[in-house]
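Below is protein.cif, holding mmCIF, C-alpha atoms and all ligand atoms.
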data_coords
loop_
_atom_site.label_atom_id
_atom_site.label_comp_id
_atom_site.auth_asym_id
_atom_site.auth_seq_id
_atom_site.Cartn_x
_atom_site.Cartn_y
_atom_site.Cartn_z
CA MET A 286 -82.98 142.98 -41.68
CA SER A 287 -86.36 144.04 -42.89
CA ASN A 288 -88.49 146.26 -40.74
CA ASN A 289 -91.55 144.10 -41.10
CA ILE A 290 -90.02 140.88 -39.94
CA MET A 291 -93.18 139.39 -38.40
CA ASP A 292 -95.38 140.50 -41.28
CA SER A 293 -93.28 138.33 -43.57
CA LEU A 294 -94.53 135.23 -41.73
CA GLY A 295 -97.64 135.11 -43.86
CA GLY A 296 -100.00 132.28 -42.96
CA SER A 297 -97.57 130.56 -40.64
CA CYS A 298 -97.91 132.89 -37.62
CA THR A 299 -99.36 130.78 -34.80
CA GLY A 300 -100.31 133.83 -32.71
CA CYS A 301 -98.34 132.41 -29.77
CA GLY A 302 -97.48 135.96 -28.73
CA VAL A 303 -93.98 135.24 -27.43
CA CYS A 304 -92.46 137.72 -29.90
CA ALA A 305 -94.70 140.53 -28.64
CA SER A 306 -94.03 139.61 -25.02
CA ILE A 307 -90.26 139.93 -25.34
CA CYS A 308 -89.99 142.89 -27.73
CA PRO A 309 -88.18 145.56 -25.67
CA LEU A 310 -89.74 148.41 -27.64
CA LYS A 311 -93.24 146.94 -27.70
CA CYS A 312 -93.38 147.13 -31.45
CA ILE A 313 -95.29 143.94 -32.10
CA ASP A 314 -99.07 143.89 -31.91
CA VAL A 315 -100.95 140.61 -31.59
CA LYS A 316 -104.43 141.23 -32.89
CA ARG A 317 -107.36 139.22 -34.11
CA ASP A 318 -107.22 138.93 -37.91
CA ILE A 319 -110.22 138.78 -40.27
CA ASN A 320 -110.47 135.01 -39.90
CA GLY A 321 -110.61 135.28 -36.11
CA PHE A 322 -107.09 134.17 -35.18
CA TYR A 323 -104.44 136.07 -33.24
CA TYR A 324 -101.75 137.32 -35.55
CA ALA A 325 -98.49 139.17 -34.86
CA SER A 326 -97.38 142.17 -36.86
CA THR A 327 -94.81 144.88 -36.32
CA ASN A 328 -95.77 148.52 -35.88
CA GLN A 329 -93.99 151.75 -36.81
CA LYS A 330 -91.60 151.60 -33.83
CA CYS A 331 -89.79 148.45 -35.06
CA ILE A 332 -86.03 148.93 -35.45
CA GLY A 333 -85.45 145.44 -36.88
CA CYS A 334 -83.38 144.13 -33.91
CA GLY A 335 -84.51 140.56 -34.73
CA LEU A 336 -85.20 139.44 -31.14
CA CYS A 337 -88.66 138.30 -32.26
CA LYS A 338 -87.07 136.08 -34.87
CA SER A 339 -85.07 134.27 -32.19
CA VAL A 340 -88.25 132.86 -30.59
CA CYS A 341 -90.42 132.44 -33.66
CA ASN A 342 -91.18 128.91 -34.89
CA LYS A 343 -90.96 130.06 -38.49
CA PHE A 344 -87.17 130.15 -38.12
CA HIS A 345 -86.69 126.98 -36.17
CA GLN A 346 -84.15 124.30 -37.10
CA GLU A 347 -83.90 121.97 -34.11
CA TYR A 348 -85.24 119.08 -36.15
CA MET A 349 -81.86 118.97 -37.91
CA ASN A 350 -79.96 118.01 -34.77
CA ASN A 351 -82.54 115.68 -33.25
CA ILE A 352 -82.53 117.24 -29.78
CA TYR A 353 -86.27 117.48 -29.52
CA LYS A 354 -87.42 114.38 -31.34
CA ILE A 355 -90.40 112.86 -29.62
CA GLU A 356 -89.01 109.30 -29.77
CA ARG A 357 -86.63 110.30 -26.95
CA SER A 358 -89.52 110.88 -24.54
CA LYS A 359 -90.73 108.44 -21.91
CA GLY A 360 -94.42 107.60 -22.05
CA TYR A 361 -96.87 107.00 -19.20
CA LEU A 362 -100.52 106.23 -18.71
CA MET A 363 -101.58 108.34 -15.74
CA TYR A 364 -104.63 109.55 -13.88
CA SER A 365 -105.35 111.33 -10.65
CA LEU A 366 -106.47 109.15 -7.75
CA ASP A 367 -108.88 111.89 -6.68
CA ASP A 368 -112.34 111.52 -8.29
CA GLU A 369 -113.11 115.19 -7.75
CA VAL A 370 -110.01 116.14 -9.79
CA LEU A 371 -111.04 113.72 -12.55
CA GLN A 372 -114.49 115.23 -12.67
CA LYS A 373 -113.19 118.79 -13.07
CA THR A 374 -110.51 118.11 -15.67
CA SER A 375 -110.38 117.10 -19.33
CA SER A 376 -108.61 113.76 -19.27
CA GLY A 377 -106.82 112.22 -16.29
CA GLY A 378 -106.33 115.42 -14.29
CA ILE A 379 -102.55 115.35 -14.55
CA GLY A 380 -102.55 119.03 -15.57
CA LYS A 381 -104.07 119.85 -12.20
CA GLU A 382 -101.73 117.53 -10.28
CA ILE A 383 -98.68 119.21 -11.88
CA CYS A 384 -99.96 122.72 -11.16
CA GLU A 385 -100.75 121.79 -7.56
CA TYR A 386 -97.29 120.30 -7.13
CA GLY A 387 -95.86 123.57 -8.49
CA LEU A 388 -97.85 125.82 -6.18
CA ASP A 389 -96.81 123.68 -3.19
CA ASN A 390 -93.16 124.01 -4.18
CA GLY A 391 -92.67 127.71 -4.77
CA TYR A 392 -93.69 127.94 -8.43
CA LYS A 393 -96.26 130.30 -9.87
CA VAL A 394 -98.47 128.80 -12.55
CA CYS A 395 -99.25 130.37 -15.90
CA GLY A 396 -102.30 128.67 -17.41
CA VAL A 397 -105.47 129.53 -19.31
CA VAL A 398 -108.63 131.00 -17.80
CA TYR A 399 -111.92 131.75 -19.53
CA ASP A 400 -112.68 135.49 -19.47
CA TYR A 401 -116.48 135.73 -19.18
CA ASP A 402 -116.63 139.46 -19.96
CA GLN A 403 -115.06 139.00 -23.38
CA ASN A 404 -115.86 135.29 -23.98
CA ARG A 405 -112.19 134.63 -24.60
CA ALA A 406 -109.45 132.28 -23.38
CA VAL A 407 -106.60 134.18 -21.76
CA HIS A 408 -103.31 133.12 -20.18
CA LYS A 409 -103.01 134.23 -16.58
CA ILE A 410 -100.46 133.80 -13.79
CA ILE A 411 -101.74 132.44 -10.48
CA ASP A 412 -99.80 132.02 -7.25
CA SER A 413 -102.39 130.47 -4.97
CA LYS A 414 -104.23 127.16 -4.87
CA LYS A 415 -107.51 128.98 -4.30
CA ASN A 416 -107.45 130.08 -7.97
CA ILE A 417 -106.41 126.74 -9.41
CA ASP A 418 -109.91 125.77 -10.61
CA ASP A 419 -109.90 128.78 -12.98
CA ILE A 420 -107.04 127.35 -15.03
CA LEU A 421 -108.29 123.76 -15.17
CA GLY A 422 -109.84 122.22 -18.24
CA SER A 423 -109.21 122.66 -21.93
CA LYS A 424 -110.57 125.76 -23.59
CA TYR A 425 -110.75 124.83 -27.26
CA ILE A 426 -110.06 128.30 -28.60
CA GLN A 427 -106.80 130.18 -29.08
CA SER A 428 -105.66 131.86 -25.88
CA TYR A 429 -104.37 135.43 -25.74
CA THR A 430 -100.94 135.24 -24.13
CA VAL A 431 -99.26 138.62 -24.40
CA ASP A 432 -100.17 140.18 -21.03
CA ALA A 433 -99.31 137.06 -19.03
CA PHE A 434 -96.16 136.14 -20.97
CA SER A 435 -94.91 139.76 -20.69
CA SER A 436 -95.20 139.51 -16.91
CA LEU A 437 -93.06 136.37 -16.56
CA GLU A 438 -89.92 137.33 -14.67
CA LYS A 439 -86.62 135.68 -15.54
CA THR A 440 -85.67 135.15 -11.90
CA GLU A 441 -88.98 133.61 -10.73
CA LYS A 442 -90.02 129.95 -10.83
CA TYR A 443 -92.97 129.15 -13.11
CA ILE A 444 -94.90 126.25 -14.50
CA VAL A 445 -96.29 127.37 -17.85
CA VAL A 446 -98.97 125.36 -19.65
CA GLY A 447 -99.74 126.06 -23.29
CA THR A 448 -100.09 124.79 -26.83
CA PRO A 449 -96.94 123.27 -28.40
CA CYS A 450 -96.37 126.44 -30.46
CA GLN A 451 -96.63 128.71 -27.40
CA ILE A 452 -94.27 126.43 -25.49
CA TYR A 453 -91.79 126.37 -28.38
CA GLY A 454 -91.46 130.16 -28.19
CA LEU A 455 -90.98 130.08 -24.44
CA ARG A 456 -88.36 127.29 -24.69
CA LYS A 457 -86.39 129.43 -27.15
CA PHE A 458 -86.73 132.39 -24.80
CA MET A 459 -85.45 130.28 -21.86
CA ILE A 460 -82.45 129.06 -23.84
CA LYS A 461 -81.59 132.55 -25.01
CA ASN A 462 -81.80 133.96 -21.49
CA LYS A 463 -80.28 130.94 -19.71
CA ILE A 464 -83.41 130.50 -17.62
CA ASP A 465 -83.49 127.19 -15.80
CA ASP A 466 -86.30 127.51 -13.29
CA TRP A 467 -89.32 127.34 -15.53
CA ILE A 468 -91.16 124.10 -16.21
CA LEU A 469 -92.92 123.92 -19.55
CA VAL A 470 -96.00 121.77 -20.10
CA ASP A 471 -97.82 121.35 -23.41
CA PHE A 472 -100.31 118.85 -24.87
CA PHE A 473 -100.98 116.87 -28.00
CA CYS A 474 -102.79 119.59 -29.90
CA HIS A 475 -105.53 119.15 -32.48
CA GLY A 476 -105.23 122.86 -33.37
CA THR A 477 -107.33 125.84 -32.42
CA PRO A 478 -110.59 126.94 -34.02
CA SER A 479 -111.27 130.63 -34.69
CA LEU A 480 -112.84 133.30 -32.54
CA ASN A 481 -115.20 133.94 -35.48
CA LEU A 482 -116.60 130.45 -34.99
CA TRP A 483 -116.69 130.77 -31.20
CA ASP A 484 -118.51 134.14 -31.34
CA LYS A 485 -121.10 132.86 -33.81
CA TYR A 486 -121.62 129.74 -31.73
CA ILE A 487 -122.05 131.64 -28.45
CA GLU A 488 -124.47 134.04 -30.14
CA MET A 489 -126.48 131.06 -31.47
CA ILE A 490 -126.60 129.30 -28.08
CA LYS A 491 -127.72 132.49 -26.33
CA ARG A 492 -130.44 133.11 -28.90
CA LYS A 493 -131.76 129.56 -29.19
CA GLU A 494 -131.61 128.61 -25.55
CA HIS A 495 -132.38 132.07 -24.14
CA LEU A 496 -129.16 132.29 -22.16
CA GLU A 497 -128.14 135.63 -20.64
CA LYS A 498 -124.58 136.50 -19.55
CA ILE A 499 -122.45 133.34 -19.60
CA LYS A 500 -121.16 132.30 -16.19
CA SER A 501 -119.52 128.97 -16.91
CA VAL A 502 -118.13 127.21 -19.99
CA ASN A 503 -116.97 123.60 -19.84
CA PHE A 504 -115.65 122.30 -23.16
CA ARG A 505 -115.05 118.83 -21.68
CA ASP A 506 -117.93 118.10 -19.32
CA LYS A 507 -117.89 114.42 -18.32
CA VAL A 508 -121.67 114.25 -17.50
CA SER A 509 -122.05 111.51 -20.13
CA GLY A 510 -118.56 110.14 -19.64
CA TRP A 511 -115.05 110.96 -20.79
CA HIS A 512 -115.33 109.43 -24.28
CA ASN A 513 -118.64 111.05 -25.13
CA PHE A 514 -117.89 114.37 -23.42
CA SER A 515 -120.26 117.33 -23.62
CA VAL A 516 -119.94 121.06 -24.08
CA THR A 517 -121.83 122.65 -21.19
CA ILE A 518 -122.53 126.37 -20.95
CA THR A 519 -124.42 127.97 -18.07
CA ASP A 520 -125.70 131.52 -17.71
CA GLU A 521 -125.93 133.70 -14.61
CA TYR A 522 -129.50 132.50 -13.96
CA GLY A 523 -128.54 128.81 -14.14
CA LYS A 524 -129.96 128.18 -17.63
CA ILE A 525 -127.92 125.47 -19.35
CA HIS A 526 -126.82 124.40 -22.82
CA SER A 527 -125.29 120.92 -22.73
CA LYS A 528 -124.72 118.75 -25.78
CA SER A 529 -122.49 115.77 -26.37
CA MET A 530 -119.50 116.19 -28.69
CA ASN A 531 -121.30 114.32 -31.48
CA LYS A 532 -124.19 116.75 -31.48
CA ASP A 533 -122.63 120.05 -30.51
CA LEU A 534 -122.08 122.22 -33.61
CA PHE A 535 -118.91 123.89 -32.31
CA MET A 536 -117.28 120.53 -31.55
CA ARG A 537 -118.39 119.01 -34.87
CA ILE A 538 -116.87 121.86 -36.85
CA PHE A 539 -113.70 121.87 -34.73
CA LEU A 540 -113.18 118.11 -34.99
CA GLU A 541 -113.85 118.04 -38.74
CA ASN A 542 -110.91 120.47 -39.08
CA LEU A 543 -112.98 123.00 -41.00
CA ASP A 544 -111.93 126.05 -39.07
CA LEU A 545 -108.39 125.74 -37.71
CA ASN A 546 -105.66 128.34 -37.85
CA ASN A 547 -103.67 128.05 -41.09
CA SER A 548 -100.53 127.32 -39.10
CA CYS A 549 -102.25 124.31 -37.44
CA TYR A 550 -102.47 122.46 -40.77
CA GLN A 551 -98.68 122.65 -41.13
CA CYS A 552 -97.80 122.28 -37.46
CA LYS A 553 -94.31 120.94 -36.82
CA PHE A 554 -94.98 120.24 -33.17
CA ARG A 555 -98.05 117.96 -33.20
CA PHE A 556 -96.07 114.78 -33.09
CA ASN A 557 -92.49 114.90 -34.34
CA GLU A 558 -90.89 117.40 -32.01
CA VAL A 559 -91.61 118.37 -28.46
CA PHE A 560 -90.15 121.35 -26.59
CA SER A 561 -91.90 120.98 -23.26
CA ASP A 562 -90.69 119.14 -20.15
CA ILE A 563 -94.01 117.32 -19.99
CA ARG A 564 -96.63 116.72 -22.66
CA LEU A 565 -100.20 115.77 -21.78
CA GLY A 566 -103.03 114.30 -23.77
CA ASP A 567 -106.01 111.96 -23.72
CA PHE A 568 -105.13 108.28 -23.60
CA TRP A 569 -107.54 107.23 -26.38
CA GLY A 570 -105.91 103.81 -26.69
CA PRO A 571 -107.78 100.48 -26.56
CA LYS A 572 -106.51 99.96 -23.01
CA CYS A 573 -108.82 102.71 -21.80
CA ASN A 574 -111.94 101.97 -23.85
CA ASP A 575 -113.96 101.14 -20.74
CA ASN A 576 -112.78 104.02 -18.61
CA GLU A 577 -115.24 106.90 -18.40
CA LYS A 578 -113.54 109.00 -15.71
CA GLY A 579 -110.58 110.04 -17.87
CA VAL A 580 -107.02 108.89 -18.44
CA SER A 581 -104.04 111.02 -19.49
CA ILE A 582 -101.19 110.13 -21.75
CA VAL A 583 -98.09 111.78 -20.31
CA LEU A 584 -94.73 112.22 -21.98
CA SER A 585 -91.69 113.09 -19.95
CA ASN A 586 -89.30 114.82 -22.30
CA THR A 587 -86.56 116.02 -19.96
CA LYS A 588 -84.95 115.28 -16.59
CA LYS A 589 -87.23 117.88 -15.04
CA GLY A 590 -90.20 115.98 -16.45
CA ASP A 591 -88.89 112.73 -14.92
CA GLU A 592 -88.54 114.42 -11.52
CA ILE A 593 -92.10 115.76 -11.56
CA ILE A 594 -93.59 112.40 -12.51
CA LYS A 595 -91.70 110.81 -9.63
CA LYS A 596 -93.16 113.44 -7.28
CA LEU A 597 -96.70 112.64 -8.46
CA MET A 598 -96.46 108.92 -7.61
CA ASN A 599 -98.46 109.33 -4.36
CA THR A 600 -101.43 111.16 -5.84
CA THR A 601 -101.70 109.48 -9.25
CA TYR A 602 -101.79 106.08 -10.94
CA VAL A 603 -98.68 105.73 -13.13
CA GLU A 604 -97.92 103.01 -15.70
CA LYS A 605 -95.05 103.08 -18.16
CA VAL A 606 -96.11 102.62 -21.80
CA SER A 607 -94.16 102.01 -24.99
CA PHE A 608 -93.76 104.47 -27.81
CA GLY A 609 -95.85 102.15 -29.98
CA GLU A 610 -98.71 102.45 -27.52
CA ILE A 611 -98.46 106.21 -27.55
CA LYS A 612 -98.72 106.14 -31.33
CA THR A 613 -101.91 104.07 -31.23
CA SER A 614 -103.43 106.35 -28.60
CA GLN A 615 -103.00 109.61 -30.49
CA TYR A 616 -103.78 110.99 -33.92
CA ILE A 617 -100.25 111.41 -35.22
CA LYS A 618 -100.74 112.37 -38.86
CA GLU A 619 -100.81 115.88 -40.23
CA ILE A 620 -104.27 117.43 -40.05
CA THR A 621 -105.78 117.47 -43.54
CA LYS A 622 -107.25 120.70 -44.72
CA PRO A 623 -110.77 120.05 -46.10
CA ASN A 624 -111.24 121.41 -49.65
CA VAL A 625 -114.02 123.69 -48.46
CA LYS A 626 -112.10 125.11 -45.49
CA ASN A 627 -111.45 128.54 -47.08
CA LYS A 628 -115.02 128.80 -48.31
CA PHE A 629 -116.29 127.89 -44.87
CA GLN A 630 -114.15 130.55 -43.20
CA GLU A 631 -115.36 133.15 -45.71
CA LYS A 632 -119.01 132.27 -45.00
CA LEU A 633 -118.36 132.37 -41.27
CA LYS A 634 -117.72 136.11 -41.61
CA LYS A 635 -121.12 136.65 -43.22
CA ASP A 636 -124.52 136.91 -41.59
CA ILE A 637 -125.33 133.22 -42.10
CA ALA A 638 -126.66 131.01 -39.31
CA LEU A 639 -124.29 128.38 -37.96
CA ASP A 640 -126.89 125.61 -38.50
CA ASP A 641 -126.99 126.49 -42.22
CA LEU A 642 -123.20 126.42 -42.48
CA TYR A 643 -123.18 123.10 -40.63
CA ARG A 644 -125.73 121.60 -43.03
CA LYS A 645 -123.93 122.85 -46.11
CA TYR A 646 -120.32 122.14 -45.21
CA VAL A 647 -120.03 119.67 -42.34
CA ILE A 648 -122.76 117.12 -43.05
CA PRO A 649 -121.34 116.16 -46.49
CA ILE A 650 -117.90 115.57 -44.91
CA GLU A 651 -119.45 113.44 -42.16
CA LYS A 652 -121.46 111.44 -44.71
CA LYS A 653 -118.35 110.81 -46.80
CA ARG A 654 -116.43 109.63 -43.76
CA ARG A 655 -119.25 107.28 -42.70
CA PHE A 656 -119.40 105.89 -46.26
CA LYS A 657 -115.63 105.27 -46.32
CA ARG A 658 -115.84 103.52 -42.96
CA LYS A 659 -118.65 101.27 -44.24
CA ILE A 660 -116.66 100.33 -47.35
CA ARG A 661 -113.63 99.54 -45.17
CA SER A 662 -115.66 97.23 -42.93
CA ILE A 663 -117.28 95.51 -45.96
CA LYS A 664 -113.79 94.93 -47.40
CA VAL A 665 -112.66 93.39 -44.10
CA LYS A 666 -115.73 91.08 -44.05
CA ILE A 667 -115.16 90.01 -47.68
CA LYS A 668 -111.50 89.28 -46.91
CA LYS A 669 -112.55 87.11 -43.98
CA VAL A 670 -115.07 85.16 -46.12
CA ILE A 671 -112.69 84.49 -49.01
CA GLY A 672 -109.83 83.81 -46.57
C1 LIG B 1 -106.82 123.67 -28.22
C2 LIG B 1 -106.54 122.33 -27.62
C3 LIG B 1 -106.42 121.22 -28.44
C4 LIG B 1 -106.14 119.95 -27.88
N1 LIG B 1 -106.04 118.86 -28.70
C5 LIG B 1 -105.77 117.64 -28.17
C6 LIG B 1 -105.63 116.48 -29.00
O1 LIG B 1 -105.76 116.53 -30.24
N2 LIG B 1 -105.34 115.29 -28.41
C7 LIG B 1 -105.19 115.17 -27.05
O2 LIG B 1 -104.95 114.08 -26.57
N3 LIG B 1 -105.29 116.26 -26.25
C8 LIG B 1 -105.59 117.48 -26.77
N4 LIG B 1 -105.69 118.58 -25.95
C9 LIG B 1 -105.37 118.41 -24.52
C10 LIG B 1 -106.53 117.83 -23.71
O3 LIG B 1 -107.71 118.54 -23.99
C11 LIG B 1 -106.24 117.92 -22.20
O4 LIG B 1 -105.94 119.22 -21.85
C12 LIG B 1 -105.08 117.08 -21.79
O5 LIG B 1 -105.44 115.74 -22.02
C13 LIG B 1 -104.73 117.28 -20.31
O6 LIG B 1 -105.84 117.03 -19.55
P1 LIG B 1 -105.81 117.16 -17.96
O7 LIG B 1 -107.10 116.59 -17.48
O8 LIG B 1 -104.56 116.58 -17.45
O9 LIG B 1 -105.67 118.69 -17.66
P2 LIG B 1 -106.67 119.90 -17.81
O10 LIG B 1 -107.30 120.25 -16.54
O11 LIG B 1 -107.55 119.75 -18.96
O12 LIG B 1 -105.61 121.05 -18.07
C14 LIG B 1 -105.32 121.52 -19.30
C15 LIG B 1 -104.28 122.62 -19.17
O13 LIG B 1 -104.23 123.24 -20.44
C16 LIG B 1 -104.29 124.66 -20.29
N5 LIG B 1 -105.15 125.16 -21.37
C17 LIG B 1 -106.50 125.10 -21.45
N6 LIG B 1 -106.93 125.67 -22.59
C18 LIG B 1 -105.84 126.11 -23.23
C19 LIG B 1 -105.65 126.82 -24.45
N7 LIG B 1 -106.66 127.18 -25.24
N8 LIG B 1 -104.38 127.12 -24.82
C20 LIG B 1 -103.34 126.77 -24.05
N9 LIG B 1 -103.46 126.10 -22.87
C21 LIG B 1 -104.70 125.77 -22.48
C22 LIG B 1 -104.94 124.92 -18.93
O14 LIG B 1 -104.40 126.06 -18.35
C23 LIG B 1 -104.63 123.68 -18.13
O15 LIG B 1 -103.49 123.89 -17.33
C24 LIG B 1 -105.98 119.83 -26.47
C25 LIG B 1 -106.12 120.96 -25.66
C26 LIG B 1 -106.40 122.20 -26.21
C27 LIG B 1 -106.54 123.40 -25.30
#

Give the structure from this file in C-alpha cells form.
Ligand SMILES: Cc1cc2nc3c(=O)[nH]c(=O)nc-3n(C[C@H](O)[C@H](O)[C@H](O)COP(=O)(O)OP(=O)(O)OC[C@H]3O[C@@H](n4cnc5c(N)ncnc54)[C@H](O)[C@@H]3O)c2cc1C
Amino acid sequence: MSNNIMDSLGGSCTGCGVCASICPLKCIDVKRDINGFYYASTNQKCIGCGLCKSVCNKFHQEYMNNIYKIERSKGYLMYSLDDEVLQKTSSGGIGKEICEYGLDNGYKVCGVVYDYDQNRAVHKIIDSKKNIDDILGSKYIQSYTVDAFSSLEKTEKYIVVGTPCQIYGLRKFMIKNKIDDWILVDFFCHGTPSLNLWDKYIEMIKRKEHLEKIKSVNFRDKVSGWHNFSVTITDEYGKIHSKSMNKDLFMRIFLENLDLNNSCYQCKFRFNEVFSDIRLGDFWGPKCNDNEKGVSIVLSNTKKGDEIIKKLMNTTYVEKVSFGEIKTSQYIKEITKPNVKNKFQEKLKKDIALDDLYRKYVIPIEKKRRFKRKIRSIKVKIKKVIG
C-alpha cells in the first residue's frame, strides 16, 4: 500500500475529516487548500495501515448491493409545532426536535456551531440543552470536523448531524467498530462553497456596511419568510447586514454552483444513496408553497429512524409522503459545473472585489437561465394555442 494513500484521492476528497479523526498515529492533516476547501493529506508519519481507506468515500461500493438505496426510505412532511423553534431553524425545525429528543434521552449531540473568532463552521459536541441554540441552523460553508470527530467515544451515545459525505465516513466507522449507539442524521445537500468565498464576502460586508466584530450569522433568517429567506449578519454593536437570498451575493454565487468543492459536483450521496438514520431537507414541494414558517422533508432510512419519528409525534406535525412527492420536492439531479467555475475560483484568490466577480461571472448565468425560462413558457403558450 502506498504511503500517500489520501493524497491519491485527487479532487475527490470531500474534507469530511473522518480519516484524520480515526488515524491512530495522527498522520493525516486536514487543511484548507488553495481553493478554500478542507483537504486531507498524509504526513511523514504514515505507515500505510489503510485504516483511512476503510472510511473514505473514494473506496465505497455499497451501491453494488443496494443496501443504502434511497428508494428504501420512508418519507414524511414534518414541522415543529413550536413557532419559536420554527423561527430559529432553517426549515421545519426537525433538526432541533431530534437533538432535543437525544439530549433528553442520554445522547450527546455533535452538530455544527459558528466560530466567531475565526469566522468558520466547526463541529462540536454538546451535552446540555442550554447550548442547543448554538448548533441550530444551516451554516452554508464546510465545517471543520476533526477535533469533534476525534473526541467521539465508541462506548458513548451520540446523535451526529452532518453532510452526507461526513455521515458516510462515520457510518463506515460504526460498522467497522460494531458501534450501535450512535444515531446519524444528514440532509439533502446542495454542496459547500469555499472559505475563500466566505472570507471575501465577510470582508466586503464589514467594509461596505461598517460592521465590526461579527456576533451573529444567520444563513437562513426567516424575516421575509421561509421561501425568500435572508442572510443576516450582526456585529457586536448591533449593526446589521440583511439581504434576501435573491440579492445576497454569497447566496447567489452558492446557488449558481460557481464555487462548490470539486467533490460536490460528483457527489454520490446527494440523492441515490443515504447512509444516515434520518435525512432532513426543505420541503420545497407545491404542497408547501403557501407556508412561510418552514416545513421539513424527513426520510427515515433505518429502524432507528422510524423509532425517532414515532417519538416526535407529540411535538411535531407528521404526514407520510410518497417517494414521488419527495422527488418533486428536491433537486435530485447531479449539480452541473458551470464552464467558468475554475476561472471564477482562480479570480476569487486575487485581489478583485466580489461585486466585480459577481457582475462578470454570475449575472450572465442568471440572464441565460431567465432567457431559457422565458422560451420554455412561450413554448408552453404556443402549444396551448395550437392545441
Ligand atoms: C451546506 C448545506 C447544504 C444544504 N443543502 C440543502 C439542499 O440542497 N436541499 C435541502 O433541502 N436542504 C439542504 N440543506 C439542509 C437545510 O438547510 C436544513 O438544514 C434542513 O432542511 C434541516 O432544517 P431544520 O430546520 O430541521 O434544522 P436546522 O436547525 O437547520 O439544523 C441543521 C443541522 O445541520 C447541522 N449543520 C449546520 N451547518 C452544517 C454544516 N455546514 N455542515 C454539517 N452540518 C451542519 C446543524 O448542526 C444542525 O443540527 C443544506 C444544509 C447545509 C449545511

Practice problem: Could you give me the residues within 6 Å of ligand LIG 1 (chain B), counting all atoms listed in the file, as a PyMOL selection string? | Solution: chain A and resi 374-381+396-397+420-428+446-448+472-477+565-567+581

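For the choices A:Lys457, A:Arg564, A:His345, A:His495, the atom-to-atom distance to A:Thr587 is smallest for A:Arg564 when using only C-alpha atoms.
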
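Within 8 Å of the point (-111.9, 113.3, -15.0) in file coordinates, and counting only C-alpha atoms, lie the residues Asp368, Glu369, Val370, Leu371, Gln372, Lys373, Thr374, Ser375, Ser376, Gly377, Gly378, Lys507, Trp511, Glu577, Lys578, Gly579 and Val580 of chain A.
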
Quiz prompt | Best match for closeness to A:Tyr364 among A:Cys384, A:Val394, A:Cys312, A:Val603, counting all atoms listed in the file | solution = A:Val603

Practice problem: Compile the contact shell of A:Asp636 as a PyMOL selection string: residues with an atom at most 12 Å away, counting all atoms listed in the file, same-chain residues fewer than 4 positions apart removed. | Solution: chain A and resi 481+485+488-489+631-632+640-642

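Closest to A:Cys395 among A:Leu584, A:Ile468, A:Leu336, A:Val516 is A:Ile468, based on only C-alpha atoms.
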
Can you tell me, as AutoDock Vina command-line options, the centre and edge lengths (Å, one decimal) of the axis-aligned box enclosing all of stretch 408-414 of chain A's listed atoms after padding each side by 6 Å?
--center_x -102.0 --center_y 130.7 --center_z -12.5 --size_x 16.4 --size_y 19.1 --size_z 27.3
